[in-house]
file my_file-v5.tsv (TSV, C-alpha atoms and all ligand atoms)
chain	number	residue	atom	x	y	z
O	10	MET	CA	144.61	-84.67	62.30
O	11	ILE	CA	141.38	-86.44	61.48
O	12	GLU	CA	139.05	-84.10	59.61
O	13	SER	CA	135.36	-84.77	59.42
O	14	ARG	CA	132.68	-82.58	57.90
O	15	SER	CA	128.99	-81.96	57.93
O	16	MET	CA	127.58	-79.18	55.79
O	17	GLY	CA	124.10	-77.70	55.79
O	18	GLU	CA	122.25	-77.31	52.55
O	19	GLY	CA	121.43	-73.64	52.79
O	20	PRO	CA	119.67	-71.54	50.20
O	21	GLY	CA	123.05	-69.98	49.32
O	22	GLY	CA	125.26	-67.36	50.89
O	23	PRO	CA	127.34	-67.98	53.96
O	24	PRO	CA	126.07	-70.42	56.56
O	25	LEU	CA	124.74	-68.87	59.73
O	26	LEU	CA	127.17	-70.75	61.92
O	27	CYS	CA	130.26	-72.59	60.87
O	28	GLY	CA	132.99	-74.58	62.65
O	29	GLU	CA	136.12	-75.46	60.70
O	30	GLY	CA	138.74	-77.98	61.78
O	31	LEU	CA	137.68	-77.83	65.41
O	32	THR	CA	139.78	-79.65	67.96
O	33	ARG	CA	139.53	-79.45	71.73
O	34	THR	CA	141.95	-81.13	74.07
O	35	TYR	CA	141.26	-80.79	77.77
O	36	GLU	CA	144.61	-80.26	79.52
O	37	ASP	CA	143.05	-81.87	82.57
O	38	GLY	CA	143.59	-85.56	81.73
O	39	GLY	CA	144.76	-84.86	78.17
O	40	VAL	CA	141.40	-85.88	76.72
O	41	ARG	CA	141.09	-85.18	72.99
O	42	ALA	CA	137.37	-84.47	73.07
O	43	LEU	CA	137.18	-83.19	69.48
O	44	ARG	CA	139.66	-84.26	66.81
O	45	GLY	CA	138.92	-82.14	63.74
O	46	VAL	CA	135.25	-81.39	63.22
O	47	SER	CA	133.86	-79.13	60.50
O	48	ILE	CA	130.19	-78.27	60.52
O	49	ALA	CA	128.14	-75.64	58.73
O	50	VAL	CA	124.64	-74.78	59.88
O	51	ALA	CA	122.44	-73.04	57.33
O	52	PRO	CA	119.46	-70.74	57.90
O	53	GLY	CA	116.30	-72.73	58.50
O	54	GLU	CA	117.99	-75.85	59.83
O	55	PHE	CA	117.27	-77.96	62.89
O	56	VAL	CA	120.46	-79.93	63.47
O	57	ALA	CA	120.54	-82.77	65.99
O	58	ILE	CA	123.99	-83.69	67.29
O	59	THR	CA	123.96	-87.30	68.43
O	60	GLY	CA	126.42	-90.01	69.45
O	61	PRO	CA	127.48	-92.12	72.42
O	62	SER	CA	128.26	-90.66	75.82
O	63	GLY	CA	131.63	-88.90	75.91
O	64	CYS	CA	131.97	-88.54	72.11
O	65	GLY	CA	132.26	-84.73	72.31
O	66	LYS	CA	128.70	-83.47	71.70
O	67	SER	CA	128.58	-80.92	74.53
O	68	THR	CA	132.12	-79.84	73.77
O	69	LEU	CA	131.11	-79.09	70.17
O	70	LEU	CA	128.00	-77.18	71.26
O	71	HIS	CA	130.04	-75.09	73.69
O	72	LEU	CA	132.54	-74.19	70.97
O	73	LEU	CA	129.76	-73.26	68.53
O	74	GLY	CA	128.14	-71.01	71.13
O	75	GLY	CA	131.34	-69.29	72.18
O	76	LEU	CA	131.13	-70.75	75.70
O	77	ASP	CA	134.54	-72.39	75.20
O	78	ARG	CA	137.43	-71.95	72.77
O	79	PRO	CA	138.79	-74.59	70.42
O	80	SER	CA	142.39	-75.81	70.83
O	81	SER	CA	142.59	-75.27	67.06
O	82	GLY	CA	140.14	-74.37	64.33
O	83	THR	CA	137.66	-71.54	63.92
O	84	VAL	CA	134.01	-70.89	64.64
O	85	SER	CA	132.35	-68.25	62.44
O	86	TYR	CA	128.99	-66.56	62.73
O	87	ARG	CA	127.52	-65.02	59.57
O	88	GLY	CA	130.94	-65.41	57.96
O	89	ARG	CA	132.93	-63.70	60.72
O	90	PRO	CA	135.23	-65.57	63.13
O	91	LEU	CA	134.03	-65.36	66.74
O	92	GLY	CA	137.46	-63.92	67.62
O	93	GLU	CA	136.52	-60.79	65.67
O	94	LEU	CA	133.18	-60.37	67.42
O	95	ASP	CA	132.33	-59.03	70.85
O	96	LEU	CA	131.82	-62.46	72.46
O	97	ASP	CA	129.62	-61.22	75.30
O	98	ASP	CA	127.39	-59.54	72.77
O	99	PHE	CA	127.31	-62.63	70.55
O	100	ARG	CA	126.34	-64.87	73.47
O	101	ALA	CA	123.76	-62.43	74.81
O	102	ARG	CA	122.01	-61.37	71.61
O	103	GLU	CA	122.61	-63.83	68.81
O	104	VAL	CA	122.41	-67.15	70.64
O	105	GLY	CA	119.97	-68.55	73.17
O	106	PHE	CA	121.18	-71.42	75.34
O	107	VAL	CA	118.99	-74.18	76.77
O	108	PHE	CA	120.32	-76.81	79.16
O	109	GLN	CA	119.17	-80.19	80.44
O	110	SER	CA	118.90	-78.93	84.03
O	111	PHE	CA	117.37	-75.55	83.09
O	112	HIS	CA	119.82	-73.36	85.09
O	113	LEU	CA	117.03	-71.14	86.40
O	114	ILE	CA	117.60	-68.89	89.42
O	115	PRO	CA	115.60	-70.65	92.17
O	116	THR	CA	114.69	-67.50	94.15
O	117	LEU	CA	113.26	-65.65	91.14
O	118	ASP	CA	109.87	-66.24	89.55
O	119	ALA	CA	109.31	-66.94	85.87
O	120	MET	CA	108.99	-63.26	84.91
O	121	GLU	CA	112.18	-62.37	86.80
O	122	ASN	CA	114.17	-65.27	85.37
O	123	VAL	CA	113.36	-64.12	81.85
O	124	GLN	CA	114.09	-60.46	82.61
O	125	VAL	CA	117.52	-61.22	84.08
O	126	ALA	CA	118.69	-62.31	80.64
O	127	MET	CA	117.53	-59.01	79.15
O	128	MET	CA	120.10	-57.08	81.17
O	129	ALA	CA	122.94	-58.65	79.21
O	130	GLY	CA	121.11	-57.96	75.96
O	131	GLY	CA	120.70	-54.26	76.73
O	132	VAL	CA	116.87	-54.28	76.72
O	133	PRO	CA	115.73	-51.03	78.41
O	134	ARG	CA	114.43	-51.70	81.92
O	135	ALA	CA	111.01	-50.24	81.16
O	136	GLU	CA	110.46	-52.67	78.30
O	137	ARG	CA	111.46	-55.82	80.16
O	138	PRO	CA	108.23	-56.79	81.99
O	139	ALA	CA	105.98	-56.57	78.91
O	140	ARG	CA	108.52	-58.43	76.82
O	141	ALA	CA	108.96	-61.17	79.42
O	142	ARG	CA	105.20	-61.54	79.66
O	143	ARG	CA	104.89	-61.90	75.88
O	144	LEU	CA	107.63	-64.53	75.79
O	145	LEU	CA	106.10	-66.52	78.62
O	146	GLU	CA	102.74	-66.36	76.84
O	147	GLU	CA	104.44	-67.59	73.68
O	148	VAL	CA	105.75	-70.68	75.49
O	149	GLY	CA	102.34	-71.33	77.06
O	150	LEU	CA	102.98	-70.08	80.59
O	151	SER	CA	100.74	-67.01	80.91
O	152	HIS	CA	99.19	-68.65	84.01
O	153	ARG	CA	102.54	-69.18	85.78
O	154	LEU	CA	104.21	-65.76	85.56
O	155	GLY	CA	104.74	-65.39	89.32
O	156	HIS	CA	105.87	-68.95	90.05
O	157	GLU	CA	109.40	-69.76	91.17
O	158	PRO	CA	111.01	-72.87	89.63
O	159	ARG	CA	110.15	-75.09	92.63
O	160	ARG	CA	106.45	-74.36	92.03
O	161	LEU	CA	106.65	-75.30	88.36
O	162	SER	CA	106.53	-78.74	86.78
O	163	ILE	CA	109.73	-79.98	85.17
O	164	GLY	CA	108.32	-79.31	81.69
O	165	GLU	CA	107.23	-75.81	82.74
O	166	ARG	CA	110.75	-75.09	84.01
O	167	GLN	CA	112.12	-75.90	80.60
O	168	ARG	CA	109.53	-73.59	79.04
O	169	VAL	CA	110.75	-70.74	81.27
O	170	ALA	CA	114.32	-71.55	80.25
O	171	ILE	CA	113.28	-71.41	76.58
O	172	ALA	CA	111.52	-68.06	77.12
O	173	ARG	CA	114.70	-66.82	78.78
O	174	ALA	CA	116.78	-68.06	75.82
O	175	LEU	CA	114.53	-65.94	73.55
O	176	ALA	CA	114.86	-62.84	75.74
O	177	ASN	CA	117.10	-60.90	73.36
O	178	GLY	CA	115.68	-62.13	70.05
O	179	PRO	CA	118.41	-64.61	69.02
O	180	SER	CA	118.76	-66.14	65.55
O	181	LEU	CA	119.96	-69.42	67.00
O	182	LEU	CA	119.02	-71.73	69.86
O	183	LEU	CA	121.73	-74.09	71.10
O	184	ALA	CA	120.32	-76.75	73.38
O	185	ASP	CA	122.17	-79.42	75.35
O	186	GLU	CA	119.85	-82.36	76.06
O	187	PRO	CA	116.79	-80.08	76.42
O	188	THR	CA	114.48	-83.05	77.00
O	189	GLY	CA	116.95	-85.15	79.00
O	190	ASN	CA	115.08	-84.63	82.28
O	191	LEU	CA	111.57	-84.82	80.86
O	192	ASP	CA	109.00	-87.59	80.63
O	193	SER	CA	107.87	-88.55	77.15
O	194	VAL	CA	104.75	-86.33	77.20
O	195	SER	CA	106.74	-83.25	78.24
O	196	GLU	CA	109.42	-84.14	75.72
O	197	ARG	CA	106.87	-84.08	72.92
O	198	GLU	CA	105.51	-80.74	74.14
O	199	ILE	CA	108.96	-79.14	74.28
O	200	LEU	CA	109.80	-80.58	70.89
O	201	GLY	CA	106.55	-79.11	69.52
O	202	LEU	CA	107.47	-75.75	71.01
O	203	LEU	CA	110.95	-75.80	69.46
O	204	ALA	CA	109.46	-76.75	66.08
O	205	ARG	CA	107.00	-73.85	66.33
O	206	LEU	CA	109.78	-71.39	67.15
O	207	ARG	CA	111.64	-72.57	64.08
O	208	ARG	CA	108.54	-72.27	61.90
O	209	GLU	CA	107.20	-68.97	63.22
O	210	ARG	CA	110.38	-67.12	64.19
O	211	GLY	CA	112.79	-68.74	61.76
O	212	ILE	CA	115.05	-69.71	64.65
O	213	VAL	CA	117.85	-72.12	63.78
O	214	LEU	CA	118.13	-75.04	66.20
O	215	VAL	CA	121.25	-77.00	67.13
O	216	VAL	CA	120.33	-79.63	69.68
O	217	VAL	CA	122.52	-82.20	71.42
O	218	THR	CA	120.38	-85.22	72.18
O	219	HIS	CA	120.28	-88.89	73.10
O	220	SER	CA	116.60	-89.01	72.16
O	221	ALA	CA	115.62	-90.76	68.94
O	222	GLU	CA	112.39	-88.75	69.01
O	223	VAL	CA	114.25	-85.42	69.02
O	224	ALA	CA	116.71	-86.59	66.36
O	225	GLY	CA	113.75	-87.76	64.27
O	226	GLU	CA	112.27	-84.24	64.24
O	227	ALA	CA	115.51	-82.62	63.10
O	228	THR	CA	116.13	-81.65	59.48
O	229	ARG	CA	119.63	-83.16	59.76
O	230	GLU	CA	121.43	-85.45	62.17
O	231	VAL	CA	125.15	-85.04	62.78
O	232	ARG	CA	126.63	-88.11	64.45
O	233	LEU	CA	129.81	-87.92	66.47
O	234	ARG	CA	132.02	-90.76	67.58
O	235	ASP	CA	135.30	-90.38	69.44
O	236	GLY	CA	135.52	-86.68	68.60
O	237	VAL	CA	134.85	-86.89	64.86
O	238	ILE	CA	131.74	-86.80	62.69
O	239	VAL	CA	130.73	-90.15	61.27
O	240	GLU	CA	128.63	-90.28	58.15
O	241	PRO	CA	125.11	-91.58	58.66
O	301	LIG	N1	136.19	-79.81	81.52
O	301	LIG	C1	136.69	-80.99	81.16
O	301	LIG	N2	137.93	-81.40	81.58
O	301	LIG	C2	138.43	-82.60	81.19
O	301	LIG	N3	137.79	-83.47	80.38
O	301	LIG	C3	136.57	-83.12	79.94
O	301	LIG	C4	135.95	-81.87	80.31
O	301	LIG	N4	134.74	-81.80	79.71
O	301	LIG	C5	134.59	-82.95	79.01
O	301	LIG	N5	135.68	-83.73	79.14
O	301	LIG	C6	135.88	-85.04	78.49
O	301	LIG	O1	135.79	-84.84	77.09
O	301	LIG	C7	135.07	-85.91	76.47
O	301	LIG	C8	133.87	-85.37	75.72
O	301	LIG	O2	132.95	-84.82	76.67
O	301	LIG	P1	131.53	-84.21	76.24
O	301	LIG	O3	130.87	-83.73	77.48
O	301	LIG	O4	131.72	-83.25	75.13
O	301	LIG	O5	130.80	-85.52	75.68
O	301	LIG	P2	129.25	-85.78	75.36
O	301	LIG	O6	129.20	-86.50	74.07
O	301	LIG	O7	128.47	-84.51	75.47
O	301	LIG	O8	128.84	-86.77	76.52
O	301	LIG	P3	127.41	-87.04	77.26
O	301	LIG	O9	126.47	-87.55	76.20
O	301	LIG	O10	127.73	-88.10	78.28
O	301	LIG	O11	126.98	-85.74	77.88
O	301	LIG	C9	134.72	-86.88	77.59
O	301	LIG	O12	135.70	-87.90	77.60
O	301	LIG	C10	134.81	-86.04	78.85
O	301	LIG	O13	135.19	-86.83	79.95
call {"tool": "encode", "arguments": {"input": "my_file-v5.tsv", "output": "structure tokens"}}
result
Amino acid sequence: MIESRSMGEGPGGPPLLCGEGLTRTYEDGGVRALRGVSIAVAPGEFVAITGPSGCGKSTLLHLLGGLDRPSSGTVSYRGRPLGELDLDDFRAREVGFVFQSFHLIPTLDAMENVQVAMMAGGVPRAERPARARRLLEEVGLSHRLGHEPRRLSIGERQRVAIARALANGPSLLLADEPTGNLDSVSEREILGLLARLRRERGIVLVVVTHSAEVAGEATREVRLRDGVIVEP
């Protein structure tokens, strides 16, 4: 097996998130999407995962977030393998996910989209509206609380999706091409927002991207090629 590594330079102690010897073969077509990747993400980091189309970036992100399981290898969070954790709880409370196409519920307004995520996180019903409002204010959408996705700009939709990802106070945001559908102005705004969340909330960012601008803002770039990490 090819083994490739990328380690974060943390201030000591266990990394926040760690993948060791990760492989993923899709039975459908026998594609070896990941062929032995080890990556450690330390507190405070903003890691950009880059590489050509089909090299395994989304696959890696899904494994790190517990959305998919490796064919072999282990993902650990705060030193504990995901297999030992309550996965639903991990995905709902510890990690926020952001996607290229937002994945908002079209019939719900911004407030409702954010509150839906709070159900899984066990936020008491009575607390949800005020918390959703605060989050939407934090992402700059206090004037769009009652708007459904179709009445929001593309950049605003991604802001709602980011507010939703913060609904349960995660330590980590995992984002798959978060600016892939945005024009360059909106991309810069979303990038500024992510940087602020890292600075003010201490949120760790792992972002899959094709954008040189996004990769340039990261504290570390991890490049994949054909399912392995290549050294910069
Ligand atoms: N569910 C699946 N079943 C079968 N093959 C898959 C599946 N998902 C991904 N693959 C294959 O695994 C490889 C890696 O896919 P992945 O989506 O991780 O790449 P990527 O680097 O994120 O690509 P892109 O930048 O185009 O989004 C590709 O060859 C893809 O066709």
call {"tool": "atom_distance", "arguments": {"input": "my_file-v5.tsv", "atom1": "atom N3 of ligand LIG 301 (chain O)", "atom2": "atom CA of Gly236 of chain O"}}
result
12.4 Å
call {"tool": "closest_residue", "arguments": {"input": "my_file-v5.tsv", "among": "O:Arg229, O:Arg33, O:Arg153, O:His112", "to": "ligand LIG 301 (chain O)", "atoms": "only C-alpha atoms and all ligand atoms"}}
result
O:Arg33
call {"tool": "closest_residue", "arguments": {"input": "my_file-v5.tsv", "among": "O:Ser220, O:Ser151, O:Asn122, O:Ser15", "to": "ligand LIG 301 (chain O)", "atoms": "all atoms listed in the file"}}
result
O:Ser220
call {"tool": "residues_near_ligand", "arguments": {"input": "my_file-v5.tsv", "ligand": "ligand LIG 301 (chain O)", "cutoff": "8 Å", "atoms": "only C-alpha atoms and all ligand atoms", "output": "PyMOL selection string"}}
result
chain O and resi 34-43+59-69+217-219+233+236
call {"tool": "atom_distance", "arguments": {"input": "my_file-v5.tsv", "atom1": "atom CA of Gly189 of chain O", "atom2": "atom CA of Asp77 of chain O"}}
result
22.1 Å
call {"tool": "closest_residue", "arguments": {"input": "my_file-v5.tsv", "among": "O:Glu29, O:Glu226, O:Asp98, O:Glu54", "to": "Gly211 of chain O", "atoms": "only C-alpha atoms"}}
result
O:Glu54
call {"tool": "closest_residue", "arguments": {"input": "my_file-v5.tsv", "among": "O:Cys27, O:Ile171, O:Ile163, O:Leu72", "to": "Val123 of chain O", "atoms": "all atoms listed in the file"}}
result
O:Ile171
